[in-house]
Amino acid sequence: MWSKVQKLVPIVVMVAMVLALGMVMAPQVALADGEPYLEIVEGTVLWQESESGDEVDIEAELVADLDGDGLPDVLVYIETGPWDNRTETVIAKRGSDGTHLWEESVSGYEASIGAEVVGDLDGDGLPDVLVNSWVGPSDDPTDTVIAKKGNTGYHLWEESITGYSAYIDAEVVADLDGDGLPDVVV
């Protein structure tokens with residue numbers, strides 16, 4: 001997750017600079033040597049996601065085609081509220097027009113959420129998403145991994161752990177059970 005945050009920081013900073021300078025240009029995410037970068041081009045805004053209130057942060061990540069339309073999609077991360085009562089949400093949106101595909105939220109003390117687009121876990125030909133959330137103080141958190149259909153957000157499965165310094169993670173691995181699909185080790 002940290003490497004994703006590192007890749008997003010320059011993009012978010014560039015968008016903030018463009019907005020602060022009042023430029024009438026649209027940011028475009030592209031790849032160079034496998035790394036995302038932001039290119040500012042003149043154009044029109046296709047869609048936007050906004051959130052208001054105190055202590056709000058919003059970021060976006062360009063991801064693989066989740067809905068099968070042949071175009072990249074976007075995961076939007078929204079964080080609202082103070083650290084001791086925070087809500088964090090990840091929203092999957094169609095990249096071309098911003099249509100809301102699905103969302104997942106977690107709320108509470110030190111709430112945190114992240115998502116990773118992975119291979120086709122259920123055999124429908126579309127990528128799926130692993131969502132990892134954490135809520136609660138470090139001495140008694142609940143850490144959860146949810147496998148979701150990338151196009152609808154339907155829960156394929158979920159695993160949670162609660163307790164002192166609880167931590168759970170998931171990695172996609174080769175087909176372990178012979179069904180022709182990748183598996184996940186939690």
# chains A, B, ... in the order shown; residues from 1 in each chain; ligands from 1
call {"tool": "residues_around", "arguments": {"residues": "stretch 56-67 of chain A", "least_positions_apart": "4", "cutoff": "8 Å", "atoms": "only C-alpha atoms", "output": "number ranges by chain"}}
result
A: 8, 12, 29, 50-52, 71-81, 94-95, 117, 126-128, 150-152
call {"tool": "atom_distance", "arguments": {"atom1": "atom CA of A:Thr99", "atom2": "atom CA of A:Val129"}}
result
17.4 Å
call {"tool": "atom_distance", "arguments": {"atom1": "atom CA of A:Ser165", "atom2": "atom CA of A:Asp84"}}
result
17.3 Å
call {"tool": "closest_residue", "arguments": {"among": "A:Val45, A:Ile168, A:Val118, A:Val131", "to": "A:Asp183", "atoms": "only C-alpha atoms"}}
result
A:Val118
call {"tool": "atom_distance", "arguments": {"atom1": "atom CA of A:Ser138", "atom2": "atom CA of A:Ala166"}}
result
7.8 Å
call {"tool": "residues_around", "arguments": {"residues": "A:Val186", "least_positions_apart": "3", "cutoff": "10 Å", "atoms": "only C-alpha atoms", "output": "VMD selection string"}}
result
chain A and resid 145 159 to 160 168 to 172 183
call {"tool": "select_by_dssp", "arguments": {"residues": "stretch 22-136 of chain A", "states": "strand (DSSP E)", "output": "PyMOL selection string"}}
result
chain A and resi 26-32+35-41+56-63+73-80+86-93+100-108+112-118+128-135
call {"tool": "write_last_selection", "arguments": {"atoms": "C-alpha atoms", "output": "short mmCIF file (atom, residue, chain, number, x, y, z; two decimals), in the first residue's frame"}}
result
data_model
loop_
_atom_site.label_atom_id
_atom_site.label_comp_id
_atom_site.auth_asym_id
_atom_site.auth_seq_id
_atom_site.Cartn_x
_atom_site.Cartn_y
_atom_site.Cartn_z
CA ALA A 26 -7.20 19.05 -17.12
CA PRO A 27 -4.76 16.62 -15.51
CA GLN A 28 -4.23 13.34 -17.34
CA VAL A 29 -2.61 10.32 -15.72
CA ALA A 30 -0.22 8.40 -17.96
CA LEU A 31 2.49 5.78 -17.54
CA ALA A 32 6.21 6.13 -18.25
CA GLU A 35 5.30 4.50 -13.27
CA PRO A 36 2.33 6.90 -13.20
CA TYR A 37 2.90 10.54 -13.91
CA LEU A 38 0.61 13.49 -14.39
CA GLU A 39 0.51 15.36 -17.65
CA ILE A 40 -1.36 18.68 -17.80
CA VAL A 41 -3.23 19.14 -21.04
CA VAL A 56 -11.35 16.03 4.54
CA ASP A 57 -8.87 14.45 2.17
CA ILE A 58 -9.62 13.03 -1.26
CA GLU A 59 -7.30 11.19 -3.64
CA ALA A 60 -7.72 9.13 -6.81
CA GLU A 61 -5.88 6.27 -8.47
CA LEU A 62 -6.17 5.22 -12.10
CA VAL A 63 -6.66 1.43 -12.24
CA ASP A 73 -11.34 3.03 -14.20
CA VAL A 74 -10.63 5.01 -11.03
CA LEU A 75 -10.53 4.28 -7.31
CA VAL A 76 -11.35 7.39 -5.26
CA TYR A 77 -10.25 7.49 -1.62
CA ILE A 78 -12.10 9.85 0.73
CA GLU A 79 -11.12 10.47 4.34
CA THR A 80 -13.38 12.56 6.61
CA ARG A 86 -12.77 8.99 11.05
CA THR A 87 -14.61 7.57 8.05
CA GLU A 88 -12.54 6.29 5.15
CA THR A 89 -14.17 5.25 1.90
CA VAL A 90 -12.95 3.77 -1.36
CA ILE A 91 -15.22 4.33 -4.38
CA ALA A 92 -14.81 2.52 -7.70
CA LYS A 93 -15.85 4.73 -10.60
CA HIS A 100 -20.38 5.00 -9.42
CA LEU A 101 -19.64 1.26 -9.57
CA TRP A 102 -19.41 0.50 -5.83
CA GLU A 103 -17.99 1.73 -2.53
CA GLU A 104 -16.71 0.34 0.75
CA SER A 105 -16.35 2.34 3.99
CA VAL A 106 -14.99 1.91 7.47
CA SER A 107 -15.68 4.27 10.40
CA GLY A 108 -14.32 4.65 13.90
CA SER A 112 -8.09 3.30 7.46
CA ILE A 113 -8.89 1.69 4.09
CA GLY A 114 -7.00 0.69 0.98
CA ALA A 115 -7.69 -1.30 -2.17
CA GLU A 116 -5.73 -3.25 -4.76
CA VAL A 117 -6.96 -4.41 -8.15
CA VAL A 118 -6.01 -8.06 -8.59
CA ASP A 128 -11.46 -8.14 -8.87
CA VAL A 129 -10.40 -5.97 -5.93
CA LEU A 130 -8.98 -6.73 -2.48
CA VAL A 131 -10.04 -4.11 0.08
CA ASN A 132 -8.14 -3.93 3.37
CA SER A 133 -9.58 -1.93 6.28
CA TRP A 134 -8.45 -1.26 9.82
CA VAL A 135 -10.40 0.30 12.68
#
call {"tool": "residues_around", "arguments": {"residues": "A:Gly180", "least_positions_apart": "3", "cutoff": "12 Å", "atoms": "only C-alpha atoms", "output": "number ranges by chain"}}
result
A: 120-123, 173-177, 183
call {"tool": "residues_around", "arguments": {"residues": "A:Asp140", "least_positions_apart": "6", "cutoff": "12 Å", "atoms": "only C-alpha atoms", "output": "list of chain:residue names"}}
result
A:Tyr109, A:Glu110, A:Trp134, A:Ile161, A:Thr162, A:Gly163, A:Tyr164, A:Ser165, A:Ala166, A:Tyr167
call {"tool": "write_last_selection", "arguments": {"atoms": "all heavy atoms", "output": "mmCIF file, in the first residue's frame"}}
result
data_model
loop_
_atom_site.group_PDB
_atom_site.id
_atom_site.type_symbol
_atom_site.label_atom_id
_atom_site.label_comp_id
_atom_site.auth_asym_id
_atom_site.auth_seq_id
_atom_site.Cartn_x
_atom_site.Cartn_y
_atom_site.Cartn_z
ATOM 1 N N TYR A 109 -12.446 4.797 15.358
ATOM 2 C CA TYR A 109 -11.157 5.253 15.846
ATOM 3 C C TYR A 109 -10.035 4.756 14.933
ATOM 4 O O TYR A 109 -9.934 3.564 14.656
ATOM 5 C CB TYR A 109 -10.952 4.742 17.278
ATOM 6 C CG TYR A 109 -9.721 5.274 17.945
ATOM 7 C CD1 TYR A 109 -9.736 6.542 18.509
ATOM 8 C CD2 TYR A 109 -8.573 4.527 18.017
ATOM 9 C CE1 TYR A 109 -8.609 7.051 19.130
ATOM 10 C CE2 TYR A 109 -7.433 5.016 18.636
ATOM 11 C CZ TYR A 109 -7.461 6.275 19.186
ATOM 12 O OH TYR A 109 -6.341 6.777 19.798
ATOM 13 N N GLU A 110 -9.212 5.667 14.443
ATOM 14 C CA GLU A 110 -8.063 5.363 13.576
ATOM 15 C C GLU A 110 -8.441 4.547 12.337
ATOM 16 O O GLU A 110 -7.669 3.712 11.868
ATOM 17 C CB GLU A 110 -6.959 4.652 14.358
ATOM 18 C CG GLU A 110 -6.340 5.500 15.434
ATOM 19 C CD GLU A 110 -5.157 4.830 16.123
ATOM 20 O OE1 GLU A 110 -4.743 3.728 15.713
ATOM 21 O OE2 GLU A 110 -4.628 5.430 17.073
ATOM 22 N N TRP A 134 -8.942 -1.187 8.447
ATOM 23 C CA TRP A 134 -8.453 -1.263 9.824
ATOM 24 C C TRP A 134 -9.258 -0.251 10.625
ATOM 25 O O TRP A 134 -9.470 0.868 10.172
ATOM 26 C CB TRP A 134 -6.985 -0.891 9.828
ATOM 27 C CG TRP A 134 -6.364 -0.572 11.154
ATOM 28 C CD1 TRP A 134 -6.605 0.521 11.939
ATOM 29 C CD2 TRP A 134 -5.393 -1.343 11.841
ATOM 30 N NE1 TRP A 134 -5.841 0.478 13.064
ATOM 31 C CE2 TRP A 134 -5.084 -0.662 13.027
ATOM 32 C CE3 TRP A 134 -4.754 -2.532 11.568
ATOM 33 C CZ2 TRP A 134 -4.162 -1.137 13.947
ATOM 34 C CZ3 TRP A 134 -3.830 -2.995 12.493
ATOM 35 C CH2 TRP A 134 -3.538 -2.309 13.658
ATOM 36 N N ILE A 161 -9.822 -10.118 11.621
ATOM 37 C CA ILE A 161 -9.136 -10.496 12.857
ATOM 38 C C ILE A 161 -9.226 -9.298 13.800
ATOM 39 O O ILE A 161 -9.113 -8.153 13.371
ATOM 40 C CB ILE A 161 -7.668 -10.915 12.600
ATOM 41 C CG1 ILE A 161 -7.039 -11.450 13.861
ATOM 42 C CG2 ILE A 161 -6.869 -9.789 11.993
ATOM 43 C CD1 ILE A 161 -5.678 -12.095 13.658
ATOM 44 N N THR A 162 -9.463 -9.565 15.080
ATOM 45 C CA THR A 162 -9.539 -8.519 16.097
ATOM 46 C C THR A 162 -8.666 -8.943 17.269
ATOM 47 O O THR A 162 -8.664 -10.109 17.647
ATOM 48 C CB THR A 162 -10.989 -8.319 16.587
ATOM 49 O OG1 THR A 162 -11.803 -7.945 15.484
ATOM 50 C CG2 THR A 162 -11.065 -7.234 17.652
ATOM 51 N N GLY A 163 -7.938 -7.997 17.823
ATOM 52 C CA GLY A 163 -7.131 -8.308 18.999
ATOM 53 C C GLY A 163 -5.897 -7.441 19.071
ATOM 54 O O GLY A 163 -5.657 -6.590 18.217
ATOM 55 N N TYR A 164 -5.114 -7.676 20.088
ATOM 56 C CA TYR A 164 -3.925 -6.885 20.340
ATOM 57 C C TYR A 164 -3.015 -6.872 19.111
ATOM 58 O O TYR A 164 -2.590 -7.918 18.640
ATOM 59 C CB TYR A 164 -3.164 -7.433 21.550
ATOM 60 C CG TYR A 164 -1.953 -6.616 21.894
ATOM 61 C CD1 TYR A 164 -2.085 -5.402 22.535
ATOM 62 C CD2 TYR A 164 -0.685 -7.041 21.524
ATOM 63 C CE1 TYR A 164 -0.983 -4.629 22.833
ATOM 64 C CE2 TYR A 164 0.427 -6.277 21.816
ATOM 65 C CZ TYR A 164 0.277 -5.067 22.462
ATOM 66 O OH TYR A 164 1.368 -4.299 22.737
ATOM 67 N N SER A 165 -2.754 -5.683 18.568
ATOM 68 C CA SER A 165 -1.892 -5.487 17.403
ATOM 69 C C SER A 165 -2.272 -6.390 16.225
ATOM 70 O O SER A 165 -1.409 -6.858 15.482
ATOM 71 C CB SER A 165 -0.423 -5.695 17.770
ATOM 72 O OG SER A 165 -0.014 -4.716 18.687
ATOM 73 N N ALA A 166 -3.556 -6.642 16.054
ATOM 74 C CA ALA A 166 -4.031 -7.508 14.968
ATOM 75 C C ALA A 166 -3.611 -6.948 13.614
ATOM 76 O O ALA A 166 -3.607 -5.745 13.395
ATOM 77 C CB ALA A 166 -5.550 -7.628 15.022
ATOM 78 N N TYR A 167 -3.245 -7.853 12.729
ATOM 79 C CA TYR A 167 -2.845 -7.470 11.379
ATOM 80 C C TYR A 167 -3.204 -8.604 10.433
ATOM 81 O O TYR A 167 -2.962 -9.774 10.734
ATOM 82 C CB TYR A 167 -1.344 -7.194 11.306
ATOM 83 C CG TYR A 167 -0.862 -6.888 9.912
ATOM 84 C CD1 TYR A 167 -1.089 -5.639 9.346
ATOM 85 C CD2 TYR A 167 -0.218 -7.853 9.160
ATOM 86 C CE1 TYR A 167 -0.670 -5.355 8.052
ATOM 87 C CE2 TYR A 167 0.209 -7.576 7.869
ATOM 88 C CZ TYR A 167 -0.019 -6.331 7.325
ATOM 89 O OH TYR A 167 0.394 -6.061 6.050
#
call {"tool": "decode", "arguments": {"residues": "stretch 50-74 of chain A", "atoms": "N, CA and C atoms", "output": "PDB file, in the first residue's frame"}}
result
ATOM      1  N   SER A  50     -16.375  15.058  -5.184  1.00  0.00           N
ATOM      2  CA  SER A  50     -16.026  16.040  -4.170  1.00  0.00           C
ATOM      3  C   SER A  50     -16.615  15.641  -2.828  1.00  0.00           C
ATOM      4  N   GLU A  51     -16.066  16.209  -1.792  1.00  0.00           N
ATOM      5  CA  GLU A  51     -16.506  15.959  -0.420  1.00  0.00           C
ATOM      6  C   GLU A  51     -16.262  17.244   0.338  1.00  0.00           C
ATOM      7  N   SER A  52     -17.164  17.598   1.232  1.00  0.00           N
ATOM      8  CA  SER A  52     -16.971  18.822   1.999  1.00  0.00           C
ATOM      9  C   SER A  52     -16.994  18.490   3.485  1.00  0.00           C
ATOM     10  N   GLY A  53     -16.547  19.428   4.283  1.00  0.00           N
ATOM     11  CA  GLY A  53     -16.533  19.241   5.727  1.00  0.00           C
ATOM     12  C   GLY A  53     -15.164  19.512   6.303  1.00  0.00           C
ATOM     13  N   ASP A  54     -15.059  19.316   7.599  1.00  0.00           N
ATOM     14  CA  ASP A  54     -13.790  19.508   8.293  1.00  0.00           C
ATOM     15  C   ASP A  54     -12.931  18.259   8.158  1.00  0.00           C
ATOM     16  N   GLU A  55     -11.647  18.470   8.091  1.00  0.00           N
ATOM     17  CA  GLU A  55     -10.670  17.378   8.041  1.00  0.00           C
ATOM     18  C   GLU A  55     -11.006  16.366   6.943  1.00  0.00           C
ATOM     19  N   VAL A  56     -11.022  16.851   5.703  1.00  0.00           N
ATOM     20  CA  VAL A  56     -11.353  16.033   4.541  1.00  0.00           C
ATOM     21  C   VAL A  56     -10.132  15.898   3.643  1.00  0.00           C
ATOM     22  N   ASP A  57      -9.919  14.690   3.147  1.00  0.00           N
ATOM     23  CA  ASP A  57      -8.867  14.449   2.168  1.00  0.00           C
ATOM     24  C   ASP A  57      -9.465  13.561   1.087  1.00  0.00           C
ATOM     25  N   ILE A  58      -9.122  13.829  -0.163  1.00  0.00           N
ATOM     26  CA  ILE A  58      -9.625  13.031  -1.262  1.00  0.00           C
ATOM     27  C   ILE A  58      -8.489  12.798  -2.250  1.00  0.00           C
ATOM     28  N   GLU A  59      -8.336  11.552  -2.687  1.00  0.00           N
ATOM     29  CA  GLU A  59      -7.297  11.189  -3.638  1.00  0.00           C
ATOM     30  C   GLU A  59      -7.896  10.224  -4.653  1.00  0.00           C
ATOM     31  N   ALA A  60      -7.230  10.045  -5.778  1.00  0.00           N
ATOM     32  CA  ALA A  60      -7.719   9.127  -6.809  1.00  0.00           C
ATOM     33  C   ALA A  60      -6.560   8.355  -7.409  1.00  0.00           C
ATOM     34  N   GLU A  61      -6.880   7.148  -7.862  1.00  0.00           N
ATOM     35  CA  GLU A  61      -5.883   6.268  -8.467  1.00  0.00           C
ATOM     36  C   GLU A  61      -6.469   5.672  -9.746  1.00  0.00           C
ATOM     37  N   LEU A  62      -5.773   5.836 -10.843  1.00  0.00           N
ATOM     38  CA  LEU A  62      -6.171   5.218 -12.103  1.00  0.00           C
ATOM     39  C   LEU A  62      -5.852   3.736 -12.024  1.00  0.00           C
ATOM     40  N   VAL A  63      -6.844   2.879 -12.343  1.00  0.00           N
ATOM     41  CA  VAL A  63      -6.660   1.427 -12.242  1.00  0.00           C
ATOM     42  C   VAL A  63      -7.107   0.737 -13.529  1.00  0.00           C
ATOM     43  N   ALA A  64      -6.966  -0.557 -13.546  1.00  0.00           N
ATOM     44  CA  ALA A  64      -7.367  -1.372 -14.700  1.00  0.00           C
ATOM     45  C   ALA A  64      -8.867  -1.228 -14.968  1.00  0.00           C
ATOM     46  N   ASP A  65      -9.285  -1.712 -16.118  1.00  0.00           N
ATOM     47  CA  ASP A  65     -10.692  -1.722 -16.518  1.00  0.00           C
ATOM     48  C   ASP A  65     -11.463  -2.689 -15.621  1.00  0.00           C
ATOM     49  N   LEU A  66     -12.281  -2.164 -14.710  1.00  0.00           N
ATOM     50  CA  LEU A  66     -13.041  -2.994 -13.782  1.00  0.00           C
ATOM     51  C   LEU A  66     -14.367  -3.468 -14.356  1.00  0.00           C
ATOM     52  N   ASP A  67     -14.950  -2.683 -15.257  1.00  0.00           N
ATOM     53  CA  ASP A  67     -16.310  -2.973 -15.715  1.00  0.00           C
ATOM     54  C   ASP A  67     -16.404  -3.538 -17.130  1.00  0.00           C
ATOM     55  N   GLY A  68     -15.265  -3.786 -17.777  1.00  0.00           N
ATOM     56  CA  GLY A  68     -15.279  -4.437 -19.080  1.00  0.00           C
ATOM     57  C   GLY A  68     -15.579  -3.548 -20.266  1.00  0.00           C
ATOM     58  N   ASP A  69     -15.508  -2.219 -20.083  1.00  0.00           N
ATOM     59  CA  ASP A  69     -15.775  -1.325 -21.222  1.00  0.00           C
ATOM     60  C   ASP A  69     -14.528  -1.020 -22.041  1.00  0.00           C
ATOM     61  N   GLY A  70     -13.392  -1.602 -21.653  1.00  0.00           N
ATOM     62  CA  GLY A  70     -12.153  -1.400 -22.396  1.00  0.00           C
ATOM     63  C   GLY A  70     -11.381  -0.159 -22.008  1.00  0.00           C
ATOM     64  N   LEU A  71     -11.858   0.592 -21.028  1.00  0.00           N
ATOM     65  CA  LEU A  71     -11.203   1.831 -20.591  1.00  0.00           C
ATOM     66  C   LEU A  71     -10.804   1.723 -19.125  1.00  0.00           C
ATOM     67  N   PRO A  72      -9.711   2.393 -18.723  1.00  0.00           N
ATOM     68  CA  PRO A  72      -9.302   2.345 -17.319  1.00  0.00           C
ATOM     69  C   PRO A  72     -10.371   2.950 -16.411  1.00  0.00           C
ATOM     70  N   ASP A  73     -10.410   2.494 -15.186  1.00  0.00           N
ATOM     71  CA  ASP A  73     -11.336   3.026 -14.199  1.00  0.00           C
ATOM     72  C   ASP A  73     -10.554   3.697 -13.081  1.00  0.00           C
ATOM     73  N   VAL A  74     -11.255   4.206 -12.076  1.00  0.00           N
ATOM     74  CA  VAL A  74     -10.629   5.013 -11.032  1.00  0.00           C
ATOM     75  C   VAL A  74     -11.108   4.554  -9.661  1.00  0.00           C
TER      76      VAL A  74
END
